[in-house]
Each structure stands twice: as C-alpha cells, then as structure tokens.
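Asker: Below is upload.csv; it holds CSV, C-alpha atoms.
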chain,number,residue,atom,x,y,z
A,881,MET,CA,-52.1,66.2,10.9
A,882,GLN,CA,-52.6,62.4,10.9
A,883,GLU,CA,-55.8,62.2,12.9
A,884,ASN,CA,-59.1,63.7,12.0
A,885,LEU,CA,-60.2,65.9,14.8
A,886,TRP,CA,-63.8,66.0,13.6
A,887,LEU,CA,-63.9,62.3,13.7
A,888,ILE,CA,-62.6,62.2,17.3
A,889,LEU,CA,-65.1,64.9,18.3
A,890,VAL,CA,-68.2,63.3,16.8
A,891,GLY,CA,-67.0,59.8,17.9
A,892,SER,CA,-66.5,60.9,21.5
A,893,ILE,CA,-69.8,62.8,21.8
A,894,LEU,CA,-72.2,60.4,20.0
A,895,VAL,CA,-70.8,57.1,19.0
A,896,ASN,CA,-68.8,56.2,22.0
A,897,ASN,CA,-70.8,58.3,24.4
A,898,PHE,CA,-69.1,58.0,27.8
A,899,VAL,CA,-72.2,57.3,29.8
A,900,MET,CA,-74.3,55.4,27.3
A,901,SER,CA,-71.8,53.0,25.7
A,902,ARG,CA,-68.6,53.1,27.8
A,903,PHE,CA,-70.0,53.4,31.3
A,904,TYR,CA,-67.6,56.0,32.6
A,905,GLY,CA,-69.0,58.5,35.0
A,906,THR,CA,-72.1,56.5,35.8
A,907,CYS,CA,-72.1,57.5,39.5
A,908,PRO,CA,-72.6,61.3,38.9
A,909,PHE,CA,-74.9,60.4,36.0
A,910,LEU,CA,-77.2,58.6,38.4
A,911,GLY,CA,-76.6,60.9,41.3
A,912,VAL,CA,-76.9,64.4,39.8
A,913,SER,CA,-79.5,63.8,37.1
A,914,LYS,CA,-82.5,64.7,39.2
A,915,GLN,CA,-82.9,68.2,37.9
A,916,VAL,CA,-82.1,69.7,34.5
A,917,SER,CA,-80.4,72.8,36.0
A,918,THR,CA,-78.0,71.0,38.3
A,919,ALA,CA,-77.2,68.5,35.6
A,920,LEU,CA,-76.3,71.3,33.3
A,921,GLY,CA,-74.0,72.9,35.9
A,922,MET,CA,-72.3,69.6,36.6
A,923,GLY,CA,-71.8,69.1,32.8
A,924,VAL,CA,-70.1,72.5,32.4
A,925,ALA,CA,-67.8,71.9,35.3
A,926,VAL,CA,-66.9,68.4,34.1
A,927,THR,CA,-66.2,69.7,30.6
A,928,PHE,CA,-63.8,72.3,31.8
A,929,VAL,CA,-61.9,69.9,34.1
A,930,MET,CA,-61.7,67.1,31.5
A,931,GLY,CA,-60.4,69.5,28.9
A,932,VAL,CA,-57.7,70.9,31.1
A,933,ALA,CA,-56.9,67.5,32.6
A,934,SER,CA,-56.4,66.0,29.1
A,935,LEU,CA,-53.9,68.8,28.4
A,936,VAL,CA,-52.0,68.5,31.7
A,937,THR,CA,-51.8,64.7,31.9
A,938,TYR,CA,-50.5,64.6,28.3
A,939,LEU,CA,-47.7,66.9,29.3
A,940,VAL,CA,-47.0,64.9,32.5
A,941,GLN,CA,-47.0,61.6,30.5
A,942,TYR,CA,-44.7,62.6,27.7
A,943,TYR,CA,-42.4,65.1,29.4
A,944,ILE,CA,-42.1,63.6,32.9
A,945,LEU,CA,-43.1,60.0,33.1
A,946,VAL,CA,-41.8,58.7,29.8
A,947,PRO,CA,-38.3,60.3,29.9
A,948,LEU,CA,-37.8,59.2,33.5
A,949,GLU,CA,-39.2,55.7,32.7
A,950,LEU,CA,-41.8,56.0,35.4
A,951,THR,CA,-44.8,55.0,33.4
A,952,TYR,CA,-45.9,52.5,36.0
A,953,LEU,CA,-46.7,55.5,38.2
A,954,GLN,CA,-49.3,56.7,35.7
A,955,THR,CA,-52.4,56.0,37.8
A,956,ILE,CA,-51.0,57.7,40.9
A,957,ALA,CA,-49.6,60.7,38.9
A,958,PHE,CA,-52.8,61.2,37.0
A,959,ILE,CA,-55.2,61.0,39.9
A,960,LEU,CA,-53.0,63.5,41.8
A,961,VAL,CA,-53.0,65.9,38.8
A,962,ILE,CA,-56.8,65.7,38.7
A,963,ALA,CA,-57.2,66.2,42.4
A,964,VAL,CA,-55.0,69.3,42.3
A,965,LEU,CA,-56.8,70.6,39.2
A,966,VAL,CA,-60.2,70.2,40.8
A,967,GLN,CA,-59.0,72.1,43.8
A,968,LEU,CA,-57.6,74.8,41.6
A,969,VAL,CA,-60.8,75.2,39.6
A,970,GLU,CA,-62.7,75.4,42.8
A,971,MET,CA,-60.6,78.2,44.1
A,972,VAL,CA,-60.6,80.1,40.8
A,973,ILE,CA,-64.3,79.9,40.4
A,974,ASN,CA,-64.8,80.9,44.0
A,975,LYS,CA,-62.7,84.1,43.5
A,976,THR,CA,-63.9,85.1,40.0
A,977,SER,CA,-67.6,84.1,40.1
A,978,PRO,CA,-69.1,83.4,43.5
A,979,SER,CA,-72.6,82.9,42.0
A,980,LEU,CA,-71.4,80.1,39.8
A,981,TYR,CA,-69.5,78.6,42.7
A,982,LYS,CA,-72.7,78.6,44.8
A,983,ALA,CA,-74.6,76.9,42.0
A,984,LEU,CA,-72.1,74.1,41.6
A,985,GLY,CA,-71.6,73.7,45.3
A,986,VAL,CA,-70.9,70.2,46.4
A,987,TYR,CA,-70.5,68.9,42.9
A,988,LEU,CA,-67.1,70.5,42.3
A,989,PRO,CA,-65.1,68.3,44.7
A,990,LEU,CA,-67.0,65.3,43.5
A,991,ILE,CA,-65.4,65.6,40.1
A,992,THR,CA,-62.2,64.1,41.5
A,993,THR,CA,-63.9,60.8,41.9
A,994,ASN,CA,-65.7,60.9,38.6
A,995,CYS,CA,-64.1,58.1,36.8
A,996,ALA,CA,-64.8,59.8,33.4
A,997,VAL,CA,-62.0,62.2,34.1
A,998,LEU,CA,-59.4,59.6,35.0
A,999,GLY,CA,-60.8,57.4,32.2
A,1000,VAL,CA,-60.4,59.9,29.5
A,1001,THR,CA,-56.8,60.8,30.4
A,1002,ILE,CA,-55.7,57.2,30.4
A,1003,LEU,CA,-57.7,56.6,27.2
A,1004,ASN,CA,-55.8,59.4,25.5
A,1005,ILE,CA,-52.5,57.7,26.3
A,1006,THR,CA,-53.6,54.2,25.2
A,1007,GLU,CA,-55.1,55.5,22.0
A,1008,SER,CA,-51.9,57.6,21.5
A,1009,TYR,CA,-53.6,60.8,20.5
A,1010,SER,CA,-51.6,63.9,19.8
A,1011,LEU,CA,-51.8,66.9,22.2
A,1012,LEU,CA,-54.5,68.5,20.2
A,1013,GLY,CA,-56.3,65.2,19.7
A,1014,SER,CA,-56.2,64.5,23.5
A,1015,VAL,CA,-57.8,67.9,24.3
A,1016,VAL,CA,-60.5,67.4,21.6
A,1017,ASN,CA,-61.2,63.9,22.9
A,1018,GLY,CA,-61.4,65.2,26.5
A,1019,VAL,CA,-63.8,68.1,25.6
A,1020,GLY,CA,-65.8,65.9,23.3
A,1021,SER,CA,-66.3,63.1,25.8
A,1022,ALA,CA,-67.3,65.7,28.4
A,1023,LEU,CA,-69.8,67.2,26.0
A,1024,GLY,CA,-71.2,63.7,25.5
A,1025,PHE,CA,-71.5,63.3,29.2
A,1026,THR,CA,-73.3,66.6,29.5
A,1027,LEU,CA,-75.7,65.7,26.7
A,1028,ALA,CA,-76.6,62.3,28.3
A,1029,ILE,CA,-77.0,63.7,31.8
A,1030,VAL,CA,-79.1,66.7,30.7
A,1031,LEU,CA,-81.4,64.5,28.5
A,1032,PHE,CA,-81.7,62.0,31.2
A,1033,ALA,CA,-82.5,64.6,33.9
A,1034,GLY,CA,-85.5,65.6,31.7
A,1035,VAL,CA,-86.7,62.0,31.6
A,1036,ARG,CA,-86.3,61.6,35.4
A,1037,GLU,CA,-88.2,64.7,36.2
A,1038,ARG,CA,-91.3,63.1,34.6
A,1039,LEU,CA,-90.5,59.6,36.1
A,1040,GLU,CA,-90.6,61.1,39.6
A,1041,ASN,CA,-94.4,61.8,39.3
A,1042,SER,CA,-95.5,58.6,37.6
A,1043,ASN,CA,-97.3,55.8,39.4
A,1044,ILE,CA,-95.0,52.7,39.5
A,1045,PRO,CA,-94.9,49.5,41.7
A,1046,ALA,CA,-93.0,50.0,45.0
A,1047,CYS,CA,-90.2,47.6,44.2
A,1048,PHE,CA,-89.4,49.6,41.1
A,1049,LYS,CA,-89.3,53.0,42.8
A,1050,GLY,CA,-86.1,54.9,42.9
A,1051,PHE,CA,-83.0,53.3,41.4
A,1052,PRO,CA,-84.5,50.3,39.5
A,1053,SER,CA,-86.8,52.4,37.4
A,1054,THR,CA,-84.0,55.0,36.8
A,1055,LEU,CA,-81.7,52.2,35.7
A,1056,ILE,CA,-84.2,50.7,33.3
A,1057,GLY,CA,-84.9,54.2,31.9
A,1058,ALA,CA,-81.2,54.7,31.4
A,1059,GLY,CA,-81.0,51.3,29.6
A,1060,LEU,CA,-83.8,52.3,27.2
A,1061,MET,CA,-81.9,55.6,26.5
A,1062,ALA,CA,-78.7,53.6,25.8
A,1063,VAL,CA,-80.7,51.7,23.2
A,1064,ALA,CA,-81.3,55.0,21.4
A,1065,PHE,CA,-77.6,55.8,21.6
A,1066,LEU,CA,-76.8,52.5,20.0
A,1067,GLY,CA,-78.3,54.0,16.8
A,1068,PHE,CA,-75.3,56.2,16.4
A,1069,GLN,CA,-73.0,53.1,16.2
A,1070,GLY,CA,-72.9,53.1,12.4
A,1071,LEU,CA,-72.1,56.8,12.1
A,1072,ILE,CA,-68.3,56.4,11.8
B,1100,MET,CA,-62.6,43.1,69.8
B,1101,ALA,CA,-65.0,40.2,70.2
B,1102,LYS,CA,-65.4,37.7,67.5
B,1103,GLN,CA,-69.1,38.3,67.3
B,1104,ASP,CA,-68.6,41.9,66.3
B,1105,LEU,CA,-66.1,41.1,63.5
B,1106,LYS,CA,-68.6,38.6,62.1
B,1107,LYS,CA,-71.4,41.2,62.2
B,1108,ILE,CA,-69.2,43.8,60.4
B,1109,PHE,CA,-68.3,41.2,57.8
B,1110,LEU,CA,-71.9,40.1,57.1
B,1111,ASN,CA,-73.0,43.8,57.1
B,1112,GLY,CA,-71.2,44.3,53.8
B,1113,ILE,CA,-72.5,41.2,52.2
B,1114,VAL,CA,-76.2,41.6,52.9
B,1115,THR,CA,-77.5,44.5,54.9
B,1116,GLU,CA,-75.4,47.2,53.3
B,1117,ASN,CA,-74.6,45.4,50.1
B,1118,PRO,CA,-72.6,48.0,48.2
B,1119,THR,CA,-74.3,47.5,44.8
B,1120,PHE,CA,-77.9,46.8,45.7
B,1121,ARG,CA,-78.2,48.8,48.9
B,1122,LEU,CA,-75.7,51.6,48.9
B,1123,VAL,CA,-75.7,51.9,45.0
B,1124,LEU,CA,-71.9,52.6,44.9
B,1125,GLY,CA,-69.3,51.6,42.3
B,1126,MET,CA,-71.8,51.6,39.4
B,1127,CYS,CA,-69.3,52.1,36.6
B,1128,PRO,CA,-67.5,48.7,36.9
B,1129,THR,CA,-70.8,47.1,37.9
B,1130,LEU,CA,-72.3,48.1,34.6
B,1131,ALA,CA,-69.3,47.9,32.3
B,1132,ILE,CA,-67.5,44.7,32.9
B,1133,THR,CA,-70.3,42.3,33.8
B,1134,THR,CA,-70.6,40.8,30.3
B,1135,SER,CA,-69.2,37.5,31.5
B,1136,VAL,CA,-69.0,35.7,34.9
B,1137,LEU,CA,-65.2,35.5,34.7
B,1138,ASN,CA,-64.8,39.2,34.2
B,1139,GLY,CA,-67.3,39.9,37.1
B,1140,LEU,CA,-65.4,37.6,39.5
B,1141,GLY,CA,-62.0,39.0,38.5
B,1142,MET,CA,-63.1,42.5,39.0
B,1143,GLY,CA,-64.8,41.7,42.3
B,1144,LEU,CA,-61.7,40.0,43.7
B,1145,ALA,CA,-59.3,42.7,42.5
B,1146,THR,CA,-61.5,45.3,44.2
B,1147,THR,CA,-61.7,43.2,47.4
B,1148,PHE,CA,-57.9,43.0,47.6
B,1149,VAL,CA,-57.6,46.7,47.2
B,1150,LEU,CA,-60.4,47.3,49.7
B,1151,VAL,CA,-58.9,45.1,52.4
B,1152,CYS,CA,-55.4,46.5,52.0
B,1153,SER,CA,-56.4,50.2,51.8
B,1154,ASN,CA,-58.8,49.9,54.7
B,1155,PHE,CA,-56.0,48.3,56.8
B,1156,VAL,CA,-53.4,51.0,55.9
B,1157,ILE,CA,-55.8,53.9,56.3
B,1158,SER,CA,-57.0,52.6,59.6
B,1159,LEU,CA,-53.3,52.4,60.7
B,1160,ILE,CA,-52.6,56.0,59.7
B,1161,ARG,CA,-55.9,57.4,60.8
B,1162,ASN,CA,-54.5,59.1,63.9
B,1163,PHE,CA,-51.5,60.7,62.1
B,1164,VAL,CA,-53.1,62.3,59.0
B,1165,PRO,CA,-54.5,65.8,59.6
B,1166,SER,CA,-58.1,65.8,58.5
B,1167,LYS,CA,-57.5,68.6,56.0
B,1168,VAL,CA,-55.2,66.5,53.8
B,1169,ARG,CA,-56.9,63.2,54.4
B,1170,ILE,CA,-58.5,63.0,51.0
B,1171,PRO,CA,-55.2,63.2,49.0
B,1172,ALA,CA,-53.5,60.9,51.5
B,1173,TYR,CA,-56.3,58.3,51.1
B,1174,ILE,CA,-56.1,58.6,47.3
B,1175,VAL,CA,-52.4,57.9,47.3
B,1176,VAL,CA,-52.8,54.8,49.5
B,1177,ILE,CA,-55.6,53.5,47.3
B,1178,ALA,CA,-53.7,54.3,44.0
B,1179,THR,CA,-50.7,52.4,45.3
B,1180,PHE,CA,-52.6,49.2,45.9
B,1181,VAL,CA,-54.4,49.6,42.6
B,1182,THR,CA,-51.1,49.8,40.8
B,1183,ILE,CA,-50.0,46.6,42.6
B,1184,VAL,CA,-53.1,44.8,41.4
B,1185,GLN,CA,-52.6,46.2,37.9
B,1186,LEU,CA,-49.0,45.0,37.6
B,1187,LEU,CA,-49.9,41.6,39.1
B,1188,LEU,CA,-52.8,41.0,36.7
B,1189,GLU,CA,-50.7,42.0,33.7
B,1190,ALA,CA,-48.0,39.6,34.8
B,1191,PHE,CA,-50.0,36.5,35.8
B,1192,LEU,CA,-53.5,36.8,34.2
B,1193,PRO,CA,-52.8,38.7,30.9
B,1194,SER,CA,-56.1,37.7,29.3
B,1195,LEU,CA,-58.2,38.9,32.3
B,1196,SER,CA,-56.2,42.1,32.4
B,1197,GLN,CA,-56.9,42.6,28.7
B,1198,SER,CA,-60.7,42.1,29.0
B,1199,LEU,CA,-61.0,44.4,32.1
B,1200,GLY,CA,-58.8,46.9,30.3
B,1201,LEU,CA,-59.1,50.5,31.5
B,1202,PHE,CA,-61.3,49.5,34.4
B,1203,ILE,CA,-58.4,48.2,36.5
B,1204,PRO,CA,-56.7,51.6,36.9
B,1205,LEU,CA,-60.2,53.0,37.4
B,1206,ILE,CA,-60.6,51.0,40.6
B,1207,VAL,CA,-58.9,54.1,42.1
B,1208,VAL,CA,-62.0,56.1,41.6
B,1209,ASN,CA,-64.4,53.4,42.6
B,1210,CYS,CA,-66.6,55.1,45.1
B,1211,ILE,CA,-67.0,52.0,47.3
B,1212,ILE,CA,-63.3,52.1,48.3
B,1213,PHE,CA,-63.3,55.8,49.0
B,1214,ALA,CA,-66.6,55.6,50.8
B,1215,ARG,CA,-65.4,52.8,53.1
B,1216,ALA,CA,-62.1,54.6,53.8
B,1217,GLU,CA,-64.0,57.7,54.8
B,1218,SER,CA,-66.9,56.3,56.7
B,1219,PHE,CA,-65.3,53.2,58.3
B,1220,ALA,CA,-61.6,52.8,58.2
B,1221,SER,CA,-60.9,56.4,59.3
B,1222,LYS,CA,-62.8,55.7,62.5
B,1223,ASN,CA,-62.2,52.1,63.4
B,1224,PRO,CA,-59.2,49.9,64.5
B,1225,PRO,CA,-57.3,47.9,61.8
B,1226,LEU,CA,-58.8,44.5,62.4
B,1227,ALA,CA,-62.4,45.7,62.2
B,1228,SER,CA,-61.5,47.7,59.1
B,1229,MET,CA,-60.1,44.7,57.4
B,1230,ALA,CA,-63.3,42.7,58.2
B,1231,ASP,CA,-65.3,45.6,56.8
B,1232,GLY,CA,-63.2,45.6,53.6
B,1233,LEU,CA,-63.5,41.9,53.2
B,1234,GLY,CA,-67.3,42.0,53.7
B,1235,MET,CA,-67.9,44.9,51.4
B,1236,GLY,CA,-65.5,43.4,48.8
B,1237,LEU,CA,-67.2,40.0,48.8
B,1238,GLY,CA,-70.6,41.7,48.7
B,1239,PHE,CA,-69.5,43.5,45.6
B,1240,THR,CA,-68.1,40.3,44.1
B,1241,ILE,CA,-71.3,38.4,44.7
B,1242,SER,CA,-73.4,41.2,43.2
B,1243,LEU,CA,-71.1,41.4,40.2
B,1244,SER,CA,-71.3,37.6,39.8
B,1245,ILE,CA,-75.1,37.6,39.9
B,1246,ILE,CA,-75.4,40.4,37.3
B,1247,SER,CA,-72.8,38.9,35.0
B,1248,ALA,CA,-74.4,35.4,35.3
B,1249,VAL,CA,-77.7,36.8,34.1
B,1250,ARG,CA,-76.1,38.8,31.3
B,1251,GLU,CA,-73.9,36.0,30.1
B,1252,LEU,CA,-76.7,33.4,30.3
B,1253,ILE,CA,-79.2,35.5,28.3
B,1254,GLY,CA,-76.7,37.3,26.1
B,1255,SER,CA,-74.6,34.3,24.9
B,1256,GLY,CA,-76.2,31.2,26.5
B,1257,THR,CA,-73.1,30.3,28.4
B,1258,LEU,CA,-71.9,30.3,32.0
B,1259,LEU,CA,-68.2,30.7,32.8
B,1260,GLY,CA,-67.7,30.0,29.1
B,1261,PHE,CA,-69.5,26.6,29.1
B,1262,PRO,CA,-72.6,26.4,26.8
B,1263,VAL,CA,-75.6,25.9,29.0
B,1264,LEU,CA,-78.6,26.7,26.7
B,1265,GLY,CA,-77.3,24.4,23.9
B,1266,SER,CA,-75.3,25.3,20.9
B,1267,ASN,CA,-78.3,26.4,18.9
B,1268,TYR,CA,-79.1,29.3,21.2
B,1269,PRO,CA,-78.9,32.4,19.1
B,1270,GLY,CA,-77.9,34.8,21.9
B,1271,VAL,CA,-79.4,38.1,22.7
B,1272,LEU,CA,-76.8,40.7,21.7
B,1273,LEU,CA,-78.7,43.5,23.6
B,1274,PHE,CA,-77.7,42.0,27.0
B,1275,ILE,CA,-74.0,42.0,26.1
B,1276,LEU,CA,-74.1,45.6,24.8
B,1277,ALA,CA,-74.4,48.6,27.0
B,1278,PRO,CA,-78.2,48.9,27.4
B,1279,GLY,CA,-78.3,45.3,28.8
B,1280,GLY,CA,-76.1,46.4,31.7
B,1281,TYR,CA,-78.5,49.1,32.8
B,1282,ILE,CA,-81.6,47.0,32.3
B,1283,THR,CA,-80.2,43.8,34.0
B,1284,LEU,CA,-79.0,45.8,37.0
B,1285,GLY,CA,-82.4,47.5,37.3
B,1286,LEU,CA,-84.2,44.1,37.2
B,1287,VAL,CA,-81.8,42.4,39.6
B,1288,MET,CA,-82.3,45.3,42.0
B,1289,VAL,CA,-86.0,44.9,41.9
B,1290,ALA,CA,-85.7,41.2,42.8
B,1291,PHE,CA,-83.3,42.1,45.7
B,1292,ASN,CA,-85.7,44.7,47.0
B,1293,ALA,CA,-88.6,42.3,46.8
B,1294,VAL,CA,-86.7,39.5,48.6
B,1295,MET,CA,-85.5,41.9,51.3
B,1296,LYS,CA,-89.0,43.2,51.9
B,1297,LYS,CA,-90.3,39.7,52.4
B,1298,ILE,CA,-87.5,38.9,54.8
B,1299,ASP,CA,-88.0,42.1,56.7
B,1300,GLY,CA,-91.8,41.5,56.9
B,1301,ARG,CA,-91.2,38.0,58.2
B,1302,ARG,CA,-88.7,39.2,60.8
B,1303,ARG,CA,-91.1,41.9,62.0
B,1304,ALA,CA,-93.9,39.4,62.2
B,1305,ALA,CA,-91.7,37.0,64.3
B,1306,ALA,CA,-90.6,39.9,66.6
B,1307,GLU,CA,-94.2,40.9,67.1
B,1308,GLY,CA,-95.2,37.3,67.8
B,1309,SER,CA,-92.5,36.9,70.4
B,1310,VAL,CA,-93.5,40.1,72.2
B,1311,ALA,CA,-97.1,39.0,72.2
Please lay out the structure from this file as structure tokens.
Answerer:
Amino acid sequence: MQENLWLILVGSILVNNFVMSRFYGTCPFLGVSKQVSTALGMGVAVTFVMGVASLVTYLVQYYILVPLELTYLQTIAFILVIAVLVQLVEMVINKTSPSLYKALGVYLPLITTNCAVLGVTILNITESYSLLGSVVNGVGSALGFTLAIVLFAGVRERLENSNIPACFKGFPSTLIGAGLMAVAFLGFQGLI
Amino acid sequence: MAKQDLKKIFLNGIVTENPTFRLVLGMCPTLAITTSVLNGLGMGLATTFVLVCSNFVISLIRNFVPSKVRIPAYIVVIATFVTIVQLLLEAFLPSLSQSLGLFIPLIVVNCIIFARAESFASKNPPLASMADGLGMGLGFTISLSIISAVRELIGSGTLLGFPVLGSNYPGVLLFILAPGGYITLGLVMVAFNAVMKKIDGRRRAAAEGSVA
C-alpha cells in the first residue's frame, strides 16, 4: 500500500478539518448547529452518506467515466450519484428505523446540497487516492465535520443566552465565534 | 411586464435581499475564496452567469416538469451551466481557475442558485427570472468583493495585487487563513446591519413625517 491510511484519517479529521480550514459544508454547519442533539444526528447521517458516496463515485469515475472518456461530465455524474444515494438512504432508514428517521427529519434531503459531500468526492479524484484511501478520506472528513459541528453547537447553546449588542445578535456573533474556533484548529496544522 | 417591476426585482437582490448579508446563503464560497479581490470578483461573476442562465432555463421548463422530479431536474440544469463555466475558465483564465480550484464545480451546490430556482424561477416568467438572477448574482459579487477587499487589505496590504499600505507592511496572516474568513464576514455583517438599521429608521421617520 503506497498511501498511509492513518495519515489520511488524522489529516482529514484534524489538520484539514472540512469546516474549520477548508470551508466545505459551512451552510449546514451554521444552520444545524443550534443544538447538540440535532448536530450529532446530522453528523452521523453525513458520515454515512460521505463514506458510501466516496466508494460509489470512485467506481463511477474509474469504471464508467474514464474508459468512456467522459470525465468532463464528472460534476453532473457525481451530483446525480449523491442525490440518488441520499434518496436511497432516506428510504432505507425510513423502513428499518422509523425513530432515527424521525430524529433526522428534514436534514436528510438537505445532505444533497451539502457541498462537503460533492467536495470530498471530487477531492478524492484530484488527490488520486486509491479505493480504500477514498473511503477513509470520506469517512475521516465527515468525522471532522461532525466533531466541528457538535463542538460548535455546545458553544452556541451558551451564546444564545448571553447579553450582546443588537447588531451582533444572530449570525454575526455566530460567525465570530466560529472564527475563534478555527484559530484553535489552526493549532493542528503542524501535526503532519 | 413593466420596466419598473424588473428594476425592482433586480435591486431586490442587491440590497433588500442581499444573498450574503440578508439571506445568509452560499456561505462556503463566501468564506473560502475571498482571500483576494480578484478571486472574489471571479467567483461572483461565475456564479452570476450560472444564476442568470439556470434561472432562465428553469423558468422556461417550469410548466412541463412534474413537481415530484423537479429537484433532480433543476440540479441537472444547474450542473450543465456549471460545467460550461468550468471548461471556459480552464480554457481562457487558467490562473483564476487554478486559484478557485474545487470551488468552481462546487457552484452546483451553492444554495443561492438552488434557492432562487425553487423560490423564484419556478414561479415567474423568464424575463423576470433573469432579472432576479442578475440582481442576486451581482449582490453576491458585491458582497464577495467587499469581504475580499477587507481581507486582502489587512492580510497582505494589497488591493487587486497592487500594494496599498506600502511595501513595509508586514501583513496579518490570520486574515488570509481560515479564521479570518469567519471573523471578517461577521464584522462586515455587523456593519451592514448597522447601516440598514439607520436607513430603515430614517425611512420610517420620513414616512411618519409625511403622514403627519
């Protein structure tokens, strides 16, 4: 094996954290991080979709698009794969575990437009990871996303109750808080 | 449709419903590529092009597409125009395409485009949809330019690549790195809110004055 899977895993969770240093998936990060419990549910769903999407898009790229010389259709093909996958996950969860389905609710279809998913699949191709490396990178990035969103939900729950100037209420204070957390994540930069 | 209405739709996207500061959509590119004004402008204009074209096409097909499959249909339309932009940038502006990198294909999942398709283009005629796309796109471009100007000026002391703060300016790396994106956007949003509040207050005072 040429690539070090541990290095990919640690790198994608901490050093190149998706939300904190690469800015993928900022929309759900800001939208769903109001409560720790929903943040955790979102994280789990995203982790699953990103892992499977990494696997499927790898196969699509190297067994369909490359042999047929259709690589310029990459964006269209990948987004369709992800949309189908999310729909599939939604149906499977609905059948097997209605309680989890209820808990995730509206966040499931939203995963399609989470740019972290499309981002990681294209990143796997441009970094030319192997099949295993792609899946590890997908799952690792998603775990990094989950870590950031759950930690930040904890921060936000306290921010909600604090007394701040009217102009800073809502998004501005949230963004500045996220910025300060990103400073903390900068500390991992020297790890690899 | 009257000219007045088109103008109103157009201005709506730039100020009243500014996608970045008011609707808080499309955060990923806003934060990621605003390290220099050139990047901000390039990203804004690329998004504007996709927004105008996709709004136009989606508005044309709005009566034929059954609502159950509308989301995949819209995504295919949007992805087509994004691929066009991607190939054009690679061919004619390779350096810009290099620095925007992965964020060009990611225009597909920019929530502004999807949100406008769903909430405006699917309900309005083609011309109005194009005006809406243009307004929203330019509003996005202006916001990106403002944020990237602040970040480039503080972070490396230049504007559009020209040194503004003198060659001895040491640069504040934090503003070029990821945290600077969040903090700058937060502070610019505070300023926007403060200005809008003042304008609203003045308008309300004027309205009350005219009634009295």
Asker: Need to verify the contact set: Arg902 in chain A, 12 Å, all atoms listed in the file, exclusion of same-chain residues closer than 3 positions in sequence. Can you return it as number ranges by chain?
Answerer: A: 892-899, 905-906, 995-996, 999-1000, 1003, 1021, 1024-1025, 1062, 1065-1066; B: 1127-1132, 1200-1202, 1276-1278, 1280-1281
Asker: Using only C-alpha atoms, which residues sit within 10 Å of Pro1224 in chain B once same-chain residues fewer than 2 positions away are excluded, as number ranges by chain?
Answerer: B: 1100, 1154-1155, 1157-1159, 1161, 1219-1222, 1226-1229
Asker: May I have the residues of chain B within 9 Å of chain A, counting all atoms listed in the file, written as a PyMOL selection string?
Answerer: chain B and resi 1123-1128+1130-1131+1171+1174-1175+1177-1179+1181-1182+1186+1201-1202+1204-1210+1213+1273+1276-1293+1296
Asker: Just how far from CA of Ile1245 in chain B is CA of Ala1028 in chain A, in Å to one decimal?
Answerer: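 Distance between the two atoms: 27.3 Å.
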Asker: Find the residues near Thr927 in chain A: any atom within 12 Å, counting all atoms listed in the file, skip ones fewer than 2 places away on the same chain, and give them as a ChimeraX atom specification.
Answerer: /A:893,920-925,929-934,966,969,988,991,994,996-997,1000,1015-1027
Asker: Which one is closest to Ala1216 in chain B: B:Met1235, B:Leu1187, B:Met1295, B:Leu1243? Count all atoms listed in the file.
Answerer: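 Using all atoms listed in the file, Ala1216 in chain B sits closest to B:Met1235.
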Asker: Name all residues at most 9 Å from Gly1260 in chain B (count all atoms listed in the file; drop same-chain ones fewer than 6 positions away) and give them as a PyMOL selection string.
Answerer: chain B and resi 1135-1137+1251
Asker: Could you work out how far CA of Leu939 in chain A lies from CA of Pro1193 in chain B, giving the answer in Å with one decimal?
Answerer: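 Going from CA of Pro1193 in chain B over to CA of Leu939 in chain A covers 28.7 Å.
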Asker: What gap, in Å, lies between CA of Ala1214 in chain B and CA of Asn1138 in chain B?
Answerer: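 A separation of 23.4 Å between them.
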Asker: With distances taken over all atoms listed in the file, which of B:Ile1275, B:Leu1140, B:Ile1298, B:Ile1212 is nearest to Leu1233 in chain B?
Answerer: B:Ile1212
